[in-house]
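query27.txt follows (compact mmCIF, C-alpha atoms):
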# COMPACT_ATOMS: atom_id res chain seq x y z
CA MET L 1 16.37 -8.54 -6.51
CA ALA L 2 17.08 -1.14 -13.75
CA MET L 3 18.09 2.05 -13.20
CA THR L 4 14.82 12.28 -20.01
CA THR L 5 12.82 13.95 -17.35
CA LEU L 6 10.10 12.75 -15.09
CA THR L 7 8.17 15.95 -14.82
CA ALA L 8 6.82 15.41 -18.29
CA CYS L 9 5.90 11.85 -17.41
CA SER L 10 4.14 12.96 -14.26
CA SER L 11 2.18 15.70 -15.95
CA ASN L 12 1.24 13.38 -18.80
CA ASN L 13 -0.02 10.82 -16.32
CA GLU L 14 -2.07 13.41 -14.50
CA GLY L 15 -3.54 14.77 -17.69
CA THR L 16 -4.35 11.40 -19.25
CA THR L 17 -7.76 9.84 -18.85
CA SER L 18 -8.23 6.56 -20.68
CA LYS L 19 -11.56 5.53 -22.15
CA ALA L 20 -12.00 3.27 -19.17
CA THR L 21 -11.80 6.24 -16.81
CA GLN L 22 -13.90 8.88 -18.62
CA PRO L 23 -16.55 10.27 -16.27
CA ALA L 24 -19.89 8.59 -16.82
CA LYS L 25 -22.85 10.59 -18.07
CA GLY L 26 -26.49 10.76 -17.17
CA ASN L 27 -27.85 8.05 -14.89
CA ASP L 28 -24.50 6.25 -15.02
CA ALA L 29 -22.75 9.09 -13.18
CA ALA L 30 -23.36 7.37 -9.86
CA LYS L 31 -21.67 4.20 -11.09
CA GLU L 32 -18.22 4.70 -9.70
CA LYS L 33 -15.46 2.38 -10.85
CA THR L 34 -13.58 0.72 -7.99
CA LEU L 35 -9.97 -0.26 -8.55
CA ARG L 36 -8.58 -2.62 -5.91
CA PHE L 37 -4.92 -2.23 -4.90
CA ALA L 38 -3.34 -4.71 -2.49
CA THR L 39 -0.28 -3.76 -0.45
CA TRP L 40 1.82 -5.42 2.24
CA ASP L 41 2.70 -2.07 3.84
CA THR L 42 1.47 -0.76 7.18
CA GLY L 43 1.89 2.43 9.22
CA ASP L 44 3.38 5.51 7.56
CA ALA L 45 4.08 3.69 4.29
CA LEU L 46 0.42 2.66 4.04
CA LYS L 47 -0.73 6.23 4.74
CA ILE L 48 1.44 7.48 1.87
CA GLU L 49 -0.05 4.87 -0.47
CA GLN L 50 -3.54 5.99 0.51
CA ASP L 51 -2.53 9.58 -0.29
CA ILE L 52 -1.23 8.46 -3.69
CA ALA L 53 -4.55 6.71 -4.33
CA LYS L 54 -6.46 9.91 -3.50
CA LYS L 55 -4.35 11.96 -5.91
CA PHE L 56 -5.00 9.39 -8.62
CA GLU L 57 -8.75 9.65 -7.96
CA VAL L 58 -8.65 13.43 -8.37
CA ASN L 59 -7.17 13.06 -11.85
CA HIS L 60 -9.48 10.17 -12.78
CA PRO L 61 -13.05 11.27 -11.97
CA GLY L 62 -15.43 8.39 -11.44
CA THR L 63 -12.69 6.13 -10.05
CA LYS L 64 -12.32 4.96 -6.47
CA VAL L 65 -9.06 3.25 -5.48
CA GLN L 66 -9.67 0.74 -2.72
CA VAL L 67 -6.36 0.24 -0.90
CA GLU L 68 -6.36 -3.21 0.70
CA ALA L 69 -3.74 -3.55 3.44
CA TYR L 70 -2.95 -7.26 3.74
CA ALA L 71 0.08 -6.74 6.03
CA ASP L 72 1.58 -10.03 7.29
CA GLY L 73 -1.24 -12.00 5.67
CA PHE L 74 -0.34 -10.74 2.22
CA ASP L 75 0.51 -14.06 0.57
CA GLN L 76 -2.41 -15.94 2.08
CA LYS L 77 -4.97 -13.29 1.11
CA LEU L 78 -3.51 -12.87 -2.35
CA ALA L 79 -3.52 -16.61 -2.98
CA ALA L 80 -7.12 -16.82 -1.75
CA GLY L 81 -8.13 -14.02 -4.14
CA PHE L 82 -6.48 -15.73 -7.09
CA GLY L 83 -8.05 -19.06 -6.13
CA ALA L 84 -11.52 -17.52 -6.02
CA THR L 85 -10.89 -15.63 -9.31
CA ASN L 86 -11.52 -12.45 -7.34
CA PRO L 87 -8.05 -10.94 -6.89
CA PRO L 88 -7.25 -7.25 -6.50
CA ASP L 89 -6.72 -5.48 -9.82
CA VAL L 90 -3.26 -4.19 -8.89
CA MET L 91 -0.92 -5.57 -6.24
CA TYR L 92 2.57 -5.29 -4.86
CA MET L 93 4.62 -8.24 -6.03
CA TRP L 94 8.05 -9.74 -5.62
CA ASP L 95 7.52 -13.53 -5.78
CA PHE L 96 7.03 -13.79 -9.52
CA PRO L 97 7.97 -17.49 -9.79
CA THR L 98 5.02 -18.36 -7.54
CA TYR L 99 2.41 -15.99 -8.94
CA HIS L 100 3.31 -15.16 -12.56
CA GLN L 101 0.71 -17.49 -14.08
CA SER L 102 -1.99 -15.44 -12.35
CA LEU L 103 -0.57 -12.12 -13.57
CA GLU L 104 -1.04 -10.16 -16.78
CA PRO L 105 2.13 -9.93 -18.92
CA LEU L 106 3.08 -6.24 -19.04
CA GLY L 107 5.71 -6.20 -21.79
CA SER L 108 3.38 -4.75 -24.42
CA TYR L 109 2.14 -2.10 -21.97
CA ALA L 110 5.65 -1.06 -20.92
CA ASP L 111 7.10 -1.03 -24.44
CA GLY L 112 4.10 0.58 -26.07
CA ASP L 113 3.46 3.44 -23.63
CA LYS L 114 5.89 6.34 -24.04
CA ASP L 115 4.50 8.01 -20.91
CA LEU L 116 6.09 5.26 -18.79
CA LYS L 117 9.60 6.31 -19.91
CA LYS L 118 10.96 2.82 -19.41
CA ASP L 119 14.53 3.93 -20.16
CA ASP L 120 14.43 6.15 -17.07
CA PHE L 121 14.39 3.12 -14.76
CA TYR L 122 17.70 1.75 -13.46
CA LYS L 123 18.90 -1.06 -15.67
CA GLY L 124 18.42 -4.51 -14.19
CA LEU L 125 15.34 -3.84 -12.06
CA PHE L 126 13.08 -5.23 -14.77
CA ASN L 127 15.04 -8.51 -14.64
CA TYR L 128 13.68 -9.20 -11.16
CA ALA L 129 10.11 -9.03 -12.51
CA THR L 130 10.72 -11.20 -15.58
CA ILE L 131 9.95 -14.92 -15.85
CA GLU L 132 10.68 -16.89 -19.03
CA ASN L 133 11.38 -13.65 -20.87
CA LYS L 134 7.98 -12.17 -19.98
CA LEU L 135 7.63 -9.03 -17.84
CA TYR L 136 5.04 -9.30 -15.07
CA GLY L 137 5.74 -6.26 -12.90
CA ILE L 138 6.83 -2.61 -13.06
CA PRO L 139 9.53 -1.72 -10.51
CA ALA L 140 8.16 0.59 -7.81
CA GLY L 141 10.95 0.62 -5.24
CA PHE L 142 14.08 -1.25 -4.27
CA THR L 143 16.94 -1.50 -1.86
CA THR L 144 20.38 -2.98 -1.96
CA ARG L 145 22.29 -3.84 1.22
CA VAL L 146 25.02 -1.87 2.96
CA VAL L 147 26.92 -1.85 6.26
CA TYR L 148 25.61 0.68 8.79
CA TYR L 149 28.10 1.87 11.40
CA ASN L 150 27.81 3.88 14.60
CA LYS L 151 30.19 6.82 14.23
CA LYS L 152 30.35 7.52 17.98
CA MET L 153 31.51 3.99 18.75
CA PHE L 154 34.23 4.30 16.10
CA ASP L 155 35.25 7.72 17.44
CA ASP L 156 35.41 6.49 21.04
CA ALA L 157 37.69 3.63 19.97
CA LYS L 158 39.72 5.99 17.74
CA ILE L 159 39.09 3.74 14.73
CA PRO L 160 38.77 5.39 11.27
CA TYR L 161 35.39 5.02 9.58
CA PRO L 162 35.23 2.22 7.00
CA LYS L 163 35.45 3.28 3.36
CA ASP L 164 34.33 1.77 0.08
CA GLY L 165 36.96 -0.69 -1.09
CA TRP L 166 37.50 -2.26 2.34
CA THR L 167 37.81 -6.04 2.76
CA TRP L 168 36.26 -8.70 4.98
CA ASP L 169 39.63 -8.96 6.73
CA ASP L 170 39.32 -5.25 7.55
CA PHE L 171 35.75 -5.81 8.68
CA GLN L 172 36.62 -8.67 11.03
CA GLU L 173 39.59 -6.82 12.51
CA ILE L 174 37.44 -3.75 13.21
CA SER L 175 34.73 -5.94 14.72
CA LYS L 176 37.23 -7.46 17.15
CA LYS L 177 38.52 -4.03 18.20
CA LEU L 178 35.01 -2.73 18.83
CA THR L 179 33.99 -5.71 20.96
CA ASP L 180 34.01 -5.29 24.74
CA LYS L 181 32.18 -8.17 26.39
CA ALA L 182 32.37 -6.51 29.81
CA LYS L 183 30.13 -3.77 28.41
CA LYS L 184 28.08 -6.29 26.38
CA GLN L 185 29.26 -4.39 23.32
CA TYR L 186 30.08 -6.09 20.02
CA GLY L 187 31.50 -5.09 16.69
CA PHE L 188 28.78 -6.75 14.63
CA GLY L 189 25.43 -8.50 14.91
CA VAL L 190 24.79 -11.79 13.11
CA ARG L 191 21.16 -12.72 12.52
CA ALA L 192 20.10 -15.92 14.25
CA ASP L 193 17.50 -16.38 11.52
CA ASN L 194 19.18 -15.33 8.28
CA ASP L 195 17.26 -14.90 5.06
CA THR L 196 19.15 -16.95 2.49
CA TYR L 197 18.03 -14.54 -0.21
CA ASP L 198 19.94 -11.69 1.44
CA LEU L 199 23.03 -13.86 1.98
CA GLN L 200 23.42 -14.36 -1.77
CA GLY L 201 25.35 -11.10 -2.07
CA PHE L 202 28.06 -12.45 0.24
CA VAL L 203 28.10 -15.81 -1.52
CA TRP L 204 28.45 -14.21 -4.97
CA SER L 205 31.16 -11.90 -3.65
CA ASN L 206 33.19 -14.94 -2.63
CA GLY L 207 32.76 -16.47 -6.09
CA GLY L 208 30.05 -18.91 -5.00
CA SER L 209 26.41 -19.49 -5.89
CA TYR L 210 23.49 -21.55 -4.61
CA ILE L 211 22.63 -22.96 -8.03
CA SER L 212 23.97 -23.18 -11.57
CA ASN L 213 23.09 -20.41 -14.02
CA ASP L 214 20.71 -22.72 -15.88
CA GLY L 215 18.87 -23.43 -12.61
CA LYS L 216 19.31 -27.20 -12.82
CA THR L 217 22.18 -28.06 -10.46
CA ILE L 218 22.92 -27.36 -6.80
CA ASN L 219 25.63 -29.96 -6.11
CA GLY L 220 28.97 -28.23 -6.47
CA PHE L 221 27.32 -24.82 -6.14
CA MET L 222 25.30 -24.66 -2.92
CA ASN L 223 27.98 -26.73 -1.17
CA SER L 224 31.03 -25.30 -2.94
CA LYS L 225 34.00 -24.11 -0.89
CA ALA L 226 33.22 -20.52 -1.90
CA THR L 227 29.60 -20.73 -0.73
CA ALA L 228 30.53 -22.49 2.50
CA GLY L 229 33.36 -20.04 3.16
CA ALA L 230 31.09 -17.00 2.96
CA ILE L 231 28.57 -18.48 5.38
CA GLN L 232 31.20 -19.93 7.71
CA MET L 233 32.65 -16.46 8.22
CA PHE L 234 29.58 -15.36 10.15
CA GLY L 235 29.52 -18.50 12.24
CA ASP L 236 33.19 -17.98 13.08
CA MET L 237 32.57 -14.39 14.18
CA VAL L 238 29.92 -15.55 16.63
CA LYS L 239 32.20 -18.36 17.81
CA ASN L 240 35.21 -16.08 18.40
CA GLY L 241 33.09 -13.49 20.16
CA SER L 242 33.58 -10.55 17.78
CA ALA L 243 29.90 -10.68 16.85
CA VAL L 244 26.71 -11.43 18.76
CA LEU L 245 23.65 -13.34 17.62
CA ALA L 246 20.65 -11.06 17.14
CA GLY L 247 16.96 -11.66 16.64
CA GLY L 248 16.70 -15.20 17.99
CA LYS L 249 14.02 -16.38 20.39
CA GLY L 250 13.84 -14.03 23.33
CA GLN L 251 16.54 -11.79 21.85
CA GLN L 252 16.38 -8.22 20.61
CA SER L 253 16.50 -7.56 16.91
CA GLY L 254 19.77 -6.36 15.41
CA GLU L 255 18.18 -3.00 14.65
CA ASP L 256 17.21 -2.52 18.29
CA ILE L 257 20.65 -3.54 19.54
CA PHE L 258 22.24 -1.13 17.07
CA LYS L 259 19.95 1.68 18.25
CA GLY L 260 20.95 0.84 21.83
CA GLY L 261 24.60 1.44 20.96
CA LYS L 262 25.62 -2.16 21.68
CA ILE L 263 26.73 -3.20 18.20
CA ALA L 264 28.96 -0.98 16.09
CA MET L 265 28.05 -2.38 12.67
CA TRP L 266 24.88 -3.81 11.17
CA GLU L 267 24.13 -5.03 7.66
CA SER L 268 20.74 -4.28 6.09
CA GLY L 269 18.74 -2.54 3.40
CA ILE L 270 17.29 0.98 3.45
CA TRP L 271 14.44 0.07 5.82
CA PRO L 272 15.96 0.88 9.26
CA LEU L 273 17.75 4.10 8.27
CA GLU L 274 15.05 6.52 9.42
CA SER L 275 14.60 4.70 12.73
CA PHE L 276 18.37 4.91 13.35
CA LYS L 277 18.23 8.67 12.80
CA GLU L 278 15.18 9.01 15.05
CA ALA L 279 17.03 7.09 17.78
CA GLY L 280 19.75 9.73 17.70
CA ILE L 281 22.43 7.44 16.27
CA ASP L 282 25.13 9.27 14.33
CA VAL L 283 25.04 6.67 11.60
CA GLY L 284 27.15 6.15 8.51
CA THR L 285 26.81 3.73 5.60
CA VAL L 286 29.42 2.00 3.47
CA GLU L 287 29.35 -0.53 0.67
CA MET L 288 29.91 -4.20 1.43
CA PRO L 289 33.49 -5.40 2.02
CA ALA L 290 35.32 -7.48 -0.59
CA PHE L 291 36.82 -10.93 -0.35
CA PRO L 292 40.52 -10.88 -1.38
CA GLY L 293 40.93 -10.47 -5.12
CA LYS L 294 37.20 -10.77 -5.85
CA PRO L 295 34.64 -8.16 -6.94
CA VAL L 296 31.94 -7.13 -4.49
CA LYS L 297 28.49 -8.37 -5.49
CA GLY L 298 25.11 -7.23 -4.23
CA VAL L 299 21.53 -8.46 -4.18
CA ILE L 300 18.42 -6.36 -4.79
CA ALA L 301 15.20 -6.46 -2.80
CA GLU L 302 12.57 -5.10 -5.16
CA SER L 303 8.92 -4.21 -4.91
CA ALA L 304 7.00 -4.11 -8.18
CA LEU L 305 3.39 -3.54 -9.20
CA SER L 306 1.47 -6.18 -11.13
CA ILE L 307 -1.95 -6.55 -12.70
CA ALA L 308 -4.10 -9.63 -12.11
CA LYS L 309 -4.87 -11.67 -15.20
CA ASP L 310 -8.49 -11.88 -13.95
CA SER L 311 -8.85 -8.09 -13.60
CA LYS L 312 -11.81 -6.69 -15.54
CA GLN L 313 -10.25 -3.21 -15.86
CA LYS L 314 -6.68 -3.68 -16.96
CA ASP L 315 -6.41 -0.34 -18.79
CA LEU L 316 -7.40 1.52 -15.64
CA ALA L 317 -5.02 -0.65 -13.61
CA TRP L 318 -2.20 0.29 -15.99
CA GLU L 319 -2.97 4.00 -15.59
CA PHE L 320 -2.72 3.57 -11.81
CA ILE L 321 0.63 1.79 -12.08
CA LYS L 322 1.97 4.56 -14.33
CA TYR L 323 1.00 7.17 -11.78
CA TYR L 324 2.41 5.13 -8.90
CA VAL L 325 5.84 5.09 -10.58
CA SER L 326 5.64 8.71 -11.74
CA ASN L 327 7.90 11.51 -10.52
CA GLU L 328 5.28 12.84 -8.12
CA ALA L 329 4.37 9.54 -6.49
CA ILE L 330 7.94 8.26 -6.18
CA LYS L 331 8.96 11.38 -4.28
CA MET L 332 6.06 10.86 -1.87
CA ARG L 333 7.31 7.41 -0.89
CA VAL L 334 10.31 7.22 1.45
CA ALA L 335 10.32 3.58 2.61
CA ASP L 336 12.43 2.44 -0.33
CA LEU L 337 14.77 3.94 -2.92
CA PRO L 338 13.67 5.72 -6.13
CA VAL L 339 13.68 3.49 -9.20
CA ARG L 340 14.08 6.33 -11.70
CA VAL L 341 17.39 7.90 -12.66
CA SER L 342 15.81 11.33 -13.10
CA VAL L 343 14.34 11.34 -9.57
CA VAL L 344 17.68 10.31 -8.08
CA ASN L 345 19.42 13.07 -10.04
CA GLU L 346 16.84 15.65 -8.98
CA LEU L 347 17.04 14.70 -5.30
CA LYS L 348 20.82 14.12 -5.52
CA LYS L 349 20.34 10.85 -3.64
CA ASP L 350 23.41 9.30 -5.22
CA GLN L 351 25.52 12.19 -3.89
CA ASP L 352 24.28 11.97 -0.30
CA PRO L 353 26.89 10.03 1.76
CA LEU L 354 24.14 8.04 3.49
CA TYR L 355 22.45 6.95 0.25
CA LYS L 356 25.37 6.73 -2.17
CA PRO L 357 26.48 3.22 -1.06
CA PHE L 358 23.05 1.83 -1.93
CA TYR L 359 23.46 3.04 -5.51
CA THR L 360 27.07 1.84 -5.63
CA MET L 361 25.82 -1.61 -4.62
CA LEU L 362 23.11 -1.40 -7.28
CA GLN L 363 25.81 -1.23 -9.92
CA ARG L 364 27.23 -4.43 -8.44
CA SER L 365 23.93 -6.33 -8.41
CA ASP L 366 23.81 -8.15 -11.73
CA ASN L 367 23.52 -11.78 -10.61
CA SER L 368 20.22 -13.66 -10.86
CA PRO L 369 18.79 -14.80 -7.50
CA ALA L 370 18.24 -18.54 -7.14
CA PHE L 371 14.47 -18.28 -6.77
CA LEU L 372 14.22 -16.86 -10.29
CA LEU L 373 16.20 -19.78 -11.74
CA ASN L 374 14.20 -22.78 -10.52
CA ALA L 375 10.48 -23.16 -9.85
CA LYS L 376 11.18 -25.65 -7.02
CA TRP L 377 13.48 -23.29 -5.15
CA ASN L 378 11.18 -22.91 -2.15
CA GLU L 379 11.56 -26.63 -1.38
CA VAL L 380 15.35 -26.47 -1.75
CA ASN L 381 15.53 -23.31 0.32
CA ARG L 382 14.09 -25.03 3.41
CA GLN L 383 17.18 -27.23 3.63
CA LEU L 384 19.51 -24.35 2.84
CA SER L 385 17.93 -22.20 5.57
CA SER L 386 18.43 -24.97 8.11
CA ALA L 387 22.08 -25.30 7.10
CA VAL L 388 22.69 -21.57 7.49
CA GLU L 389 20.96 -21.51 10.89
CA ALA L 390 23.04 -24.47 12.04
CA THR L 391 26.23 -22.72 10.92
CA VAL L 392 25.66 -19.52 12.90
CA LEU L 393 24.85 -21.70 15.91
CA GLY L 394 28.20 -23.47 15.68
CA SER L 395 28.02 -26.21 13.04
CA ASN L 396 30.49 -26.55 10.19
CA ALA L 397 29.13 -24.84 7.08
CA GLN L 398 30.61 -27.35 4.63
CA ASP L 399 29.07 -30.33 6.45
CA ALA L 400 25.71 -28.59 6.82
CA LEU L 401 25.59 -27.56 3.15
CA ASP L 402 26.64 -31.02 1.95
CA GLN L 403 23.70 -32.45 3.88
CA ALA L 404 21.36 -29.76 2.56
CA VAL L 405 22.30 -30.67 -1.02
CA LYS L 406 21.66 -34.38 -0.36
CA ASP L 407 18.27 -33.56 1.15
CA SER L 408 17.33 -31.19 -1.68
CA GLU L 409 18.41 -32.85 -4.91
CA ARG L 410 15.22 -34.89 -5.15
CA TYR L 411 13.27 -31.67 -5.71
CA LEU L 412 15.25 -30.90 -8.85
CA LYS L 413 14.60 -34.20 -10.62
As structure tokens, the full file:
Amino acid sequence: MAMTTLTACSSNNEGTTSKATQPAKGNDAAKEKTLRFATWDTGDALKIEQDIAKKFEVNHPGTKVQVEAYADGFDQKLAAGFGATNPPDVMYMWDFPTYHQSLEPLGSYADGDKDLKKDDFYKGLFNYATIENKLYGIPAGFTTRVVYYNKKMFDDAKIPYPKDGWTWDDFQEISKKLTDKAKKQYGFGVRADNDTYDLQGFVWSNGGSYISNDGKTINGFMNSKATAGAIQMFGDMVKNGSAVLAGGKGQQSGEDIFKGGKIAMWESGIWPLESFKEAGIDVGTVEMPAFPGKPVKGVIAESALSIAKDSKQKDLAWEFIKYYVSNEAIKMRVADLPVRVSVVNELKKDQDPLYKPFYTMLQRSDNSPAFLLNAKWNEVNRQLSSAVEATVLGSNAQDALDQAVKDSERYLK
């Protein structure tokens, strides 16, 4: 799907050694405590996490942090650990509806530990880690979604760069102007396999929703005119040739096509920004367009840290989480956006033209994602995903969504 100074927090974390982490004496000195930390990250992001673990060990003598890189097998390995009552002590988490019963509630930790400086987090991020009014995760990183654009392609076509406050009509007109099929160049790339979670921002912006606020009803929401209209727009752009399908079977990803200079605009989170820079693309970012007369809405993708209910060293696990979200550790990690206001202010992230739109969209991200509203959402989402895929391949969104609702309502009874 939560936005004082951090230096004090960081130094307090580094100087604090709980009873659970006091160095052992005598013959027990060789008995090193091992704290298991599971992550889905790989590559450079994993290396940074390993460096964070080493720094934590330095300040907590007698502790070894075992970083377990589950990569694409994250969910399967995590579920297996929970099932065998042998989970990692600390883990990355986002799917709280699925796993919260296996996690330790962290409300008393977060509210009772002044070193955490809970008020320094951006407001709203904690909502994405809360189920039935209980907090199960501490926000570690996040991204909202923006439109990336290739400045050279705009310059060559003598089209002004898009600015915050633009509309979807503006967007579609620009996309048409930047499309040249003879050069296999398109204004925009539409994902062949869209994540319905990410599409919620567009749906909310058009006044629609997948599900009622109480999480009980999809008929009249998932198949409303507003929801269908937002999704149909992307199918229409593919149909009229102002956008190209990206990422389908045998096709390049949208990121790769963008880096190849063949699409002028791409919609995504923070993840591809560094790779765009490395590819030599003169890239700009802008907040999402608006539907006429309606406020722009965004959706947050958040990574949080949780503690397993079966962990035998929860106090030590909490100390690790505190350090992981401290000033020092946050600034080490570059794969997502800082969750603390003080870090953003220090680094002036919200003043950098490339990063500012992400924080503008954060202010617009106050809706609750569907998966947090109903425990059976995964079953419903299968039908919704099929409807969205059918729409970008040429079907009528209203018909596809009406069928998806019919096929899904049994899961809500």
What are the nearest atom pairs, with distances in Å to one decimal, for all residues of segment 183-290 of chain L that come at most 12 Å from segment 298-309 of chain L, using all atoms listed in the file, set out by chain and rising residue number as JSON lines?
{"residue": "L:Asp195", "atom": "CA", "partner": "L:Ala301", "partner_atom": "CA", "distance": 11.7}
{"residue": "L:Thr196", "atom": "CA", "partner": "L:Val299", "partner_atom": "CA", "distance": 11.1}
{"residue": "L:Tyr197", "atom": "CA", "partner": "L:Val299", "partner_atom": "CA", "distance": 8.1}
{"residue": "L:Asp198", "atom": "CA", "partner": "L:Val299", "partner_atom": "CA", "distance": 6.7}
{"residue": "L:Leu199", "atom": "CA", "partner": "L:Val299", "partner_atom": "CA", "distance": 8.3}
{"residue": "L:Gln200", "atom": "CA", "partner": "L:Val299", "partner_atom": "CA", "distance": 6.6}
{"residue": "L:Gly201", "atom": "CA", "partner": "L:Gly298", "partner_atom": "CA", "distance": 4.4}
{"residue": "L:Phe202", "atom": "CA", "partner": "L:Gly298", "partner_atom": "CA", "distance": 7.5}
{"residue": "L:Val203", "atom": "CA", "partner": "L:Gly298", "partner_atom": "CA", "distance": 9.5}
{"residue": "L:Trp204", "atom": "CA", "partner": "L:Gly298", "partner_atom": "CA", "distance": 7.8}
{"residue": "L:Ser205", "atom": "CA", "partner": "L:Gly298", "partner_atom": "CA", "distance": 7.7}
{"residue": "L:Asn206", "atom": "CA", "partner": "L:Gly298", "partner_atom": "CA", "distance": 11.3}
{"residue": "L:Ser268", "atom": "CA", "partner": "L:Ala301", "partner_atom": "CA", "distance": 10.7}
{"residue": "L:Gly269", "atom": "CA", "partner": "L:Ala301", "partner_atom": "CA", "distance": 8.1}
{"residue": "L:Ile270", "atom": "CA", "partner": "L:Ala301", "partner_atom": "CA", "distance": 9.9}
{"residue": "L:Trp271", "atom": "CA", "partner": "L:Ala301", "partner_atom": "CA", "distance": 10.8}
{"residue": "L:Glu287", "atom": "CA", "partner": "L:Gly298", "partner_atom": "CA", "distance": 9.3}
{"residue": "L:Met288", "atom": "CA", "partner": "L:Gly298", "partner_atom": "CA", "distance": 8.0}
{"residue": "L:Pro289", "atom": "CA", "partner": "L:Gly298", "partner_atom": "CA", "distance": 10.6}
{"residue": "L:Ala290", "atom": "CA", "partner": "L:Gly298", "partner_atom": "CA", "distance": 10.8}
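Restricting the calculation to all atoms listed in the file, the smallest distance between Val147 of chain L and any of L:Glu104, L:Asp115, L:Asp169, L:Glu267 is found for L:Glu267.
Between Lys151 of chain L and the candidates L:Asn381, L:Thr285, L:Asn327, L:Thr391, the tightest atom-to-atom separation, counting all atoms listed in the file, involves L:Thr285.
When atom CA of Val325 of chain L is paired with atom CA of Val296 of chain L, their separation reads 29.5 Å.
Atom CA of Phe37 of chain L is found 5.9 Å from atom CA of Glu68 of chain L.
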Exercise. Could you name the residues that touch Ala390 of chain L at 12 Å or less, counting all atoms listed in the file, but leaving out those on the same chain fewer than 4 positions away, as a list in words?
Worked result: Arg191, Ala192, Asp193, Asn194, Ile231, Gln232, Phe234, Gly235, Gln383, Leu384, Ser385, Ser386, Gly394, Ser395, Asn396, Ala397, Gln398, Asp399, Ala400, Leu401, Gln403 and Ala404 of chain L
Write the residues of the preceding selection, restricted to C-alpha atoms, as a PDB file, in the frame of the given file.
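Result file part-v1.pdb:
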ATOM      1  CA  ARG L 191      21.160 -12.720  12.520  1.00  0.00           C
ATOM      2  CA  ALA L 192      20.100 -15.920  14.250  1.00  0.00           C
ATOM      3  CA  ASP L 193      17.500 -16.380  11.520  1.00  0.00           C
ATOM      4  CA  ASN L 194      19.180 -15.330   8.280  1.00  0.00           C
ATOM      5  CA  ILE L 231      28.570 -18.480   5.380  1.00  0.00           C
ATOM      6  CA  GLN L 232      31.200 -19.930   7.710  1.00  0.00           C
ATOM      7  CA  PHE L 234      29.580 -15.360  10.150  1.00  0.00           C
ATOM      8  CA  GLY L 235      29.520 -18.500  12.240  1.00  0.00           C
ATOM      9  CA  GLN L 383      17.180 -27.230   3.630  1.00  0.00           C
ATOM     10  CA  LEU L 384      19.510 -24.350   2.840  1.00  0.00           C
ATOM     11  CA  SER L 385      17.930 -22.200   5.570  1.00  0.00           C
ATOM     12  CA  SER L 386      18.430 -24.970   8.110  1.00  0.00           C
ATOM     13  CA  GLY L 394      28.200 -23.470  15.680  1.00  0.00           C
ATOM     14  CA  SER L 395      28.020 -26.210  13.040  1.00  0.00           C
ATOM     15  CA  ASN L 396      30.490 -26.550  10.190  1.00  0.00           C
ATOM     16  CA  ALA L 397      29.130 -24.840   7.080  1.00  0.00           C
ATOM     17  CA  GLN L 398      30.610 -27.350   4.630  1.00  0.00           C
ATOM     18  CA  ASP L 399      29.070 -30.330   6.450  1.00  0.00           C
ATOM     19  CA  ALA L 400      25.710 -28.590   6.820  1.00  0.00           C
ATOM     20  CA  LEU L 401      25.590 -27.560   3.150  1.00  0.00           C
ATOM     21  CA  GLN L 403      23.700 -32.450   3.880  1.00  0.00           C
ATOM     22  CA  ALA L 404      21.360 -29.760   2.560  1.00  0.00           C
TER      23      ALA L 404
END
